[in-house]
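The data block below is run-v2.txt; it holds compact mmCIF, C-alpha atoms.
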```txt
# COMPACT_ATOMS: atom_id res chain seq x y z
CA MET A 1 6.76 -22.82 -13.04
CA PRO A 2 7.26 -24.64 -9.71
CA ALA A 3 4.87 -27.52 -9.06
CA VAL A 4 2.30 -27.03 -6.34
CA ASP A 5 4.18 -29.49 -4.12
CA ALA A 6 7.67 -28.14 -4.88
CA PRO A 7 9.62 -27.10 -1.77
CA ILE A 8 9.98 -23.40 -0.99
CA ALA A 9 13.49 -22.34 -0.03
CA ASP A 10 14.22 -20.38 3.15
CA SER A 11 16.12 -17.91 0.98
CA ASP A 12 13.00 -17.13 -1.04
CA GLU A 13 10.74 -14.19 -0.36
CA VAL A 14 7.01 -13.88 -0.15
CA TYR A 15 5.16 -10.69 -1.01
CA ARG A 16 2.23 -9.29 0.90
CA LEU A 17 -0.16 -6.79 -0.68
CA ILE A 18 -0.97 -4.05 1.82
CA LYS A 19 -3.71 -1.45 1.53
CA VAL A 20 -3.34 2.15 2.69
CA ALA A 21 -6.00 1.67 5.37
CA ASP A 22 -3.48 -0.60 7.10
CA CYS A 23 -0.75 2.04 6.94
CA LYS A 24 0.03 5.12 8.95
CA ALA A 25 1.11 8.22 7.05
CA GLU A 26 4.32 9.56 8.58
CA ASN A 27 6.50 12.31 7.16
CA GLY A 28 4.96 11.86 3.73
CA LYS A 29 5.51 8.10 3.69
CA TRP A 30 3.30 5.09 4.31
CA MET A 31 4.29 2.92 7.27
CA PHE A 32 2.52 -0.44 7.37
CA GLN A 33 1.10 -1.49 10.73
CA SER A 34 1.10 -4.93 12.29
CA LEU A 35 -2.54 -5.58 11.42
CA ALA A 36 -1.42 -5.71 7.79
CA PHE A 37 -0.06 -9.16 8.64
CA SER A 38 -3.29 -10.64 9.97
CA ASN A 39 -4.84 -13.87 8.80
CA ALA A 40 -7.79 -13.52 6.49
CA THR A 41 -11.17 -13.76 8.15
CA PRO A 42 -13.25 -16.54 6.56
CA LEU A 43 -16.56 -15.50 5.08
CA GLU A 44 -17.79 -19.09 4.94
CA ASP A 45 -17.60 -21.89 7.49
CA ALA A 46 -15.56 -24.12 5.19
CA GLU A 47 -12.73 -21.61 4.91
CA ARG A 48 -9.69 -21.69 7.19
CA ASP A 49 -9.05 -18.88 9.64
CA ASP A 50 -5.31 -19.32 10.01
CA GLU A 51 -3.97 -18.27 6.62
CA MET A 52 -2.48 -15.03 5.34
CA SER A 53 -2.36 -14.61 1.57
CA VAL A 54 1.00 -13.92 -0.06
CA VAL A 55 2.57 -14.10 -3.50
CA LEU A 56 5.53 -16.44 -3.94
CA GLU A 57 8.78 -15.06 -5.34
CA ASP A 58 9.86 -18.14 -7.25
CA THR A 59 6.58 -18.61 -9.09
CA LEU A 60 6.32 -14.90 -9.84
CA ALA A 61 9.83 -14.93 -11.31
CA ALA A 62 9.06 -18.02 -13.39
CA LEU A 63 6.10 -16.13 -14.82
CA GLU A 64 8.45 -13.21 -15.62
CA ARG A 65 6.44 -10.89 -13.41
CA ALA A 66 7.84 -8.33 -10.98
CA PRO A 67 6.54 -7.82 -7.42
CA GLU A 68 6.37 -4.05 -7.83
CA ASP A 69 3.78 -4.57 -10.57
CA LEU A 70 1.40 -6.58 -8.35
CA PRO A 71 -0.87 -3.64 -7.41
CA THR A 72 -1.52 -2.83 -11.06
CA GLU A 73 -2.29 -6.46 -11.87
CA GLY A 74 -5.37 -6.30 -9.59
CA PRO A 75 -8.23 -5.58 -9.59
CA PHE A 76 -8.02 -4.51 -5.97
CA PRO A 77 -10.63 -2.45 -4.14
CA GLY A 78 -9.98 1.25 -4.49
CA GLY A 79 -7.60 0.82 -7.40
CA PRO A 80 -3.87 0.18 -7.69
CA HIS A 81 -2.73 3.44 -6.05
CA GLY A 82 -4.14 2.32 -2.72
CA TRP A 83 -1.96 -0.77 -2.51
CA GLY A 84 1.70 -1.43 -1.75
CA VAL A 85 3.79 -4.59 -1.60
CA ALA A 86 5.93 -5.71 1.33
CA ARG A 87 8.49 -8.51 1.33
CA LEU A 88 9.15 -11.15 3.98
CA SER A 89 11.79 -13.83 3.85
CA VAL A 90 10.50 -17.39 3.99
CA GLY A 91 13.26 -18.35 6.41
CA PHE A 92 12.23 -15.62 8.86
CA VAL A 93 8.59 -16.54 8.66
CA ARG A 94 9.40 -20.16 9.44
CA LYS A 95 12.07 -19.66 12.10
CA GLU A 96 11.03 -16.54 13.94
CA ASN A 97 7.40 -17.58 13.94
CA SER A 98 7.92 -21.27 14.48
CA LYS A 99 4.30 -22.28 14.03
CA GLN A 100 4.02 -20.83 10.53
CA GLU A 101 4.09 -22.84 7.32
CA VAL A 102 4.54 -21.38 3.84
CA LEU A 103 2.37 -23.15 1.26
CA ARG A 104 1.71 -22.93 -2.45
CA SER A 105 -1.97 -22.28 -3.13
CA PRO A 106 -2.36 -21.17 -6.74
CA ASN A 107 -5.80 -20.05 -7.83
CA ASP A 108 -7.47 -18.80 -10.99
CA GLU A 109 -6.71 -15.17 -10.20
CA GLU A 110 -3.12 -15.60 -9.01
CA PRO A 111 -1.03 -18.60 -10.07
CA ALA A 112 1.75 -17.42 -7.73
CA HIS A 113 -0.59 -17.34 -4.72
CA GLY A 114 0.63 -18.79 -1.46
CA ASP A 115 -0.41 -18.82 2.16
CA VAL A 116 1.41 -18.35 5.43
CA ARG A 117 -0.50 -20.79 7.60
CA GLY A 118 -0.58 -20.61 11.38
CA ASN A 119 -2.17 -18.57 14.13
CA LYS A 120 -0.84 -15.02 14.26
CA PRO A 121 -1.51 -13.44 17.62
CA PRO A 122 -0.68 -9.74 18.03
CA ALA A 123 2.93 -10.37 19.06
CA CYS A 124 3.50 -12.52 15.96
CA ARG A 125 2.02 -9.85 13.70
CA LYS A 126 4.27 -7.31 15.33
CA ARG A 127 7.36 -9.42 14.59
CA LEU A 128 6.27 -9.81 10.97
CA LYS A 129 5.82 -6.05 10.70
CA LYS A 130 9.27 -5.41 12.16
CA HIS A 131 10.87 -7.78 9.68
CA ALA A 132 8.98 -6.69 6.55
CA THR A 133 10.21 -4.03 4.13
CA TRP A 134 8.53 -2.29 1.26
CA VAL A 135 9.05 -3.48 -2.29
CA ILE A 136 6.82 -0.63 -3.37
CA GLU A 137 4.80 1.75 -1.24
CA PRO A 138 1.22 2.63 -2.12
CA GLN A 139 1.33 5.37 -4.73
CA ALA A 140 -1.55 7.28 -3.15
CA THR A 141 -0.33 10.51 -1.57
CA PRO A 142 -0.40 10.44 2.26
CA GLU A 143 -2.53 13.26 3.68
CA MET B 1 -27.41 -3.15 17.79
CA SER B 2 -28.32 0.02 19.49
CA GLY B 3 -27.34 1.39 22.80
CA ALA B 4 -25.49 4.02 24.70
CA ARG B 5 -22.20 3.81 26.51
CA THR B 6 -20.65 6.23 28.89
CA ALA B 7 -17.09 6.60 30.02
CA THR B 8 -15.29 8.95 32.30
CA ALA B 9 -11.71 9.88 31.57
CA GLY B 10 -10.65 11.89 34.55
CA GLU B 11 -12.44 14.64 36.35
CA ALA B 12 -11.93 17.22 33.63
CA SER B 13 -12.76 15.09 30.64
CA THR B 14 -16.07 13.44 31.16
CA PHE B 15 -17.91 12.57 27.98
CA ASP B 16 -20.57 10.26 26.70
CA TRP B 17 -20.75 8.37 23.49
CA SER B 18 -23.47 6.39 21.92
CA LEU B 19 -23.25 3.69 19.28
CA ASP B 20 -26.36 3.47 17.20
CA GLN B 21 -27.37 1.32 14.28
CA ALA B 22 -28.19 3.58 11.35
CA GLU B 23 -31.15 2.98 9.09
CA SER B 24 -29.02 3.25 5.98
CA GLY B 25 -25.62 4.41 4.85
CA GLU B 26 -23.04 3.93 7.59
CA PRO B 27 -23.57 0.70 9.51
CA TRP B 28 -23.63 2.64 12.75
CA ILE B 29 -22.95 6.05 14.09
CA ILE B 30 -20.86 7.19 17.01
CA SER B 31 -21.98 10.41 18.50
CA LEU B 32 -20.28 12.35 21.22
CA LYS B 33 -22.32 14.26 23.69
CA ARG B 34 -20.91 16.82 26.02
CA ARG B 35 -21.90 16.29 29.61
CA GLY B 36 -20.81 18.89 32.07
CA ASP B 37 -17.06 19.16 31.67
CA ALA B 38 -15.29 19.59 28.37
CA THR B 39 -14.97 16.61 26.04
CA SER B 40 -11.45 15.20 25.93
CA ALA B 41 -9.37 16.58 23.10
CA TRP B 42 -8.66 13.10 21.77
CA ALA B 43 -12.29 12.09 21.47
CA GLU B 44 -13.23 13.98 18.33
CA PRO B 45 -10.33 12.83 16.08
CA VAL B 46 -10.72 9.28 17.38
CA VAL B 47 -14.41 9.24 16.52
CA LYS B 48 -13.70 10.79 13.12
CA ARG B 49 -11.25 7.99 12.37
CA LEU B 50 -13.65 5.32 13.59
CA ARG B 51 -16.28 6.70 11.26
CA GLU B 52 -13.81 6.45 8.37
CA LEU B 53 -13.11 2.83 9.28
CA ALA B 54 -16.83 2.10 9.53
CA ARG B 55 -17.18 3.06 5.88
CA LEU B 56 -14.50 0.60 4.69
CA THR B 57 -16.03 -2.19 2.67
CA ASP B 58 -13.22 -4.75 2.78
CA GLY B 59 -13.36 -7.59 5.28
CA LEU B 60 -16.04 -7.71 7.90
CA PRO B 61 -17.68 -4.49 9.09
CA LEU B 62 -16.22 -2.74 12.09
CA TYR B 63 -17.60 -4.60 15.10
CA ILE B 64 -19.49 -2.31 17.39
CA GLU B 65 -18.49 -4.14 20.58
CA ASP B 66 -14.81 -3.91 19.71
CA VAL B 67 -15.24 -0.19 19.10
CA GLY B 68 -16.81 0.12 22.53
CA ASP B 69 -13.94 -1.81 24.13
CA ALA B 70 -11.39 0.43 22.41
CA LEU B 71 -13.18 3.58 23.54
CA ASP B 72 -13.42 2.24 27.08
CA PHE B 73 -9.67 1.60 27.07
CA LEU B 74 -8.88 5.07 25.74
CA ALA B 75 -11.18 6.69 28.28
CA ARG B 76 -9.29 4.91 31.07
CA VAL B 77 -5.74 5.57 29.97
CA MET B 78 -5.60 8.74 27.91
CA ALA B 79 -4.38 11.87 29.65
CA GLU B 80 -5.11 15.27 28.17
CA ASP B 81 -1.56 15.46 26.79
CA THR B 82 -1.29 11.92 25.44
CA CYS B 83 -0.86 11.82 21.69
CA ILE B 84 -3.65 10.31 19.64
CA PRO B 85 -3.09 6.73 18.50
CA TRP B 86 -3.22 5.46 14.95
CA ILE B 87 -6.39 3.40 14.63
CA GLY B 88 -6.99 0.54 12.22
CA LYS B 89 -9.65 -2.07 11.45
CA LEU B 90 -8.75 -5.74 11.52
CA SER B 91 -10.18 -7.99 8.81
CA SER B 92 -12.33 -9.56 11.56
CA GLY B 93 -13.94 -6.19 12.28
CA GLY B 94 -11.78 -5.65 15.38
CA VAL B 95 -9.92 -2.48 16.31
CA GLN B 96 -6.21 -1.86 16.74
CA LEU B 97 -4.70 1.18 18.43
CA ALA B 98 -1.02 1.97 17.92
CA TRP B 99 1.36 4.54 19.34
CA LYS B 100 5.00 4.91 18.39
CA HIS B 101 7.59 7.44 19.37
CA ALA B 102 11.34 6.87 19.28
CA ASP B 103 11.93 3.43 20.84
CA VAL B 104 8.51 3.21 22.50
CA GLU B 105 5.78 1.24 20.73
CA VAL B 106 2.36 0.40 22.09
CA GLU B 107 -0.32 -1.68 20.43
CA ALA B 108 -3.76 -2.50 21.80
CA VAL B 109 -5.94 -5.04 20.02
CA PHE B 110 -9.69 -5.46 20.57
CA ASP B 111 -10.98 -8.39 18.57
CA ARG B 112 -13.80 -10.41 20.08
CA MET B 113 -14.11 -12.65 17.03
CA ARG B 114 -10.56 -13.94 17.50
CA GLY B 115 -10.60 -13.65 21.27
CA GLU B 116 -7.79 -11.09 21.27
CA HIS B 117 -7.80 -8.30 23.84
CA GLU B 118 -4.15 -7.55 24.27
CA LEU B 119 -1.83 -4.71 25.10
CA LEU B 120 1.75 -4.92 23.85
CA VAL B 121 4.38 -2.43 25.01
CA THR B 122 7.87 -2.34 23.54
CA VAL B 123 10.74 -0.17 24.67
CA GLY B 124 13.81 -0.86 22.57
CA GLU B 125 14.35 -4.61 22.62
CA ASN B 126 12.18 -5.17 25.72
CA GLU B 127 8.58 -6.31 25.36
CA TRP B 128 5.72 -6.63 27.82
CA ASP B 129 2.14 -7.70 27.33
CA ALA B 130 -1.05 -7.76 29.33
CA PRO B 131 -4.76 -8.33 28.73
CA ALA B 132 -6.08 -5.01 27.46
CA ASP B 133 -8.68 -4.78 30.21
CA LYS B 134 -5.96 -5.20 32.83
CA GLY B 135 -3.23 -3.31 31.06
CA ASP B 136 -3.74 0.22 32.30
CA SER B 137 -0.75 0.15 34.64
CA LEU B 138 1.44 -1.21 31.84
CA PHE B 139 0.35 1.64 29.58
CA PHE B 140 1.05 4.14 32.35
CA THR B 141 4.70 3.05 32.46
CA VAL B 142 5.24 4.73 29.09
CA ILE B 143 2.50 7.34 29.01
CA ASP B 144 4.87 10.22 29.74
CA ARG B 145 6.91 9.32 26.66
CA LEU B 146 3.76 9.40 24.56
CA SER B 147 2.78 12.88 25.66
CA ASN B 148 2.73 15.69 23.16
CA SER B 149 4.82 17.89 25.45
CA TYR B 150 7.53 15.21 25.76
CA ILE B 151 7.57 14.59 22.03
CA ALA B 152 7.79 18.32 21.29
CA HIS B 153 11.00 18.50 23.31
CA THR B 154 12.75 15.59 21.64
CA SER B 155 14.70 15.59 18.42
CA GLU B 156 12.16 13.28 16.83
CA ALA B 157 9.25 15.65 17.16
CA VAL B 158 6.72 13.81 15.03
CA ALA B 159 3.15 12.85 15.69
CA CYS B 160 3.21 9.52 17.48
CA GLY B 161 -0.18 8.07 16.70
```

Using structure tokens, write down the structure that the file contains.
Amino acid sequence: MPAVDAPIADSDEVYRLIKVADCKAENGKWMFQSLAFSNATPLEDAERDDEMSVVLEDTLAALERAPEDLPTEGPFPGGPHGWGVARLSVGFVRKENSKQEVLRSPNDEEPAHGDVRGNKPPACRKRLKKHATWVIEPQATPE
Amino acid sequence: MSGARTATAGEASTFDWSLDQAESGEPWIISLKRRGDATSAWAEPVVKRLRELARLTDGLPLYIEDVGDALDFLARVMAEDTCIPWIGKLSSGGVQLAWKHADVEVEAVFDRMRGEHELLVTVGENEWDAPADKGDSLFFTVIDRLSNSYIAHTSEAVACG
């Protein structure tokens, strides 16, 4: 498994878990919206407000886990059917959004956890949305 | 927080809304009250969606002031024939509105916690932005292409919100 300070290649991908509330149902499919690529809002003063959680491809592969299985490896609120996984390339995140860093931040729940650090104003989130593609859509049926 | 807000969306679509802190259950309630003329067609589905978002338990609760800002914006810019936007809740409790049809995309963000009040309009590869409270004229540049009658006459006749 990559060390916490190991470099992350531009050619790698990061995976973002996306809930159905952040998706629009269109023609029977889920379309993620740009707010799905927002930074987390800190619940405590000590937490940063400029990080978006992701899962790192290289660590996930080293653990012999597949990104499409991430929703079922929860627990996530509402259950696995309400969550999909989108992919972003590390190179795009760094170059197209020049103030973003991709960091390893393993924790007890997810050893492949990472963060995309940097402010993400609406235009940045929109670019991330445009670039991202589904690995697996939420399995919940769109109304 | 408790209080009442009123907005007027054109001569034929005057309506009131109030945002009230509930005693229990939903953190607050939006209620629409007819006043004179008919309530705008968009108001009821928008309020229904906002109520759904108010019940979400992830992130911070929907922020009542951001809801008010979003409703104020809609009341200013929506015409009777404008399609209803998709509405989402930011993790900060803010509100995002989004329209998309063919190569036209519009996003409006109301997020006091992060200091974001922004309107983004994209047509093909061209992008414009403006503060949401000063973005009405920018929205009006594409409003015809977000009308239900326009969408019904194009090959991509899908709901745009």

* May I have the residues of chain A within 9 Å of chain B, counting only C-alpha atoms, written as an NGL selection string? => :A and (21-24 or 26-27 or 33-36 or 38-43 or 77 or 121-123 or 126)

* **For Asn119 in chain A: contacts at 8 Å, only C-alpha atoms, fewer than 5 positions along chain excluded, given as a PyMOL selection string** => chain A and resi 39+50-51+99-100

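Taking CA of Leu63 in chain A and CA of Met1 in chain A as endpoints, the distance between them is 7.0 Å.
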
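CA of Tyr15 in chain A lies 9.3 Å from CA of Gly114 in chain A.
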
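If you measure from each of A:Met31, A:Val135, A:Val116, A:Val20 to Ala86 in chain A using all atoms listed in the file, the closest one turns out to be A:Val135.
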
* Using CA of Gly84 in chain A and CA of Ile136 in chain A as the two end points, give the distance in Å to one decimal. => 5.4 Å

* **Residue neighbourhood Gly91 in chain A, 8 Å, all atoms listed in the file, exclusion window fewer than 6 positions, as number ranges by chain** => A: 9-12

* Fewer than 3 positions away in the same chain doesn't count, so skip those; otherwise give me all residues within 6 Å of Thr122 in chain B, counting all atoms listed in the file, as a PyMOL selection string. => chain B and resi 104-105+126-127

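Compared by their closest atoms to Thr133 in chain A, and using all atoms listed in the file, the residues A:Ile18, A:Leu88, A:Ala46, A:Leu60 rank with A:Leu88 nearest.
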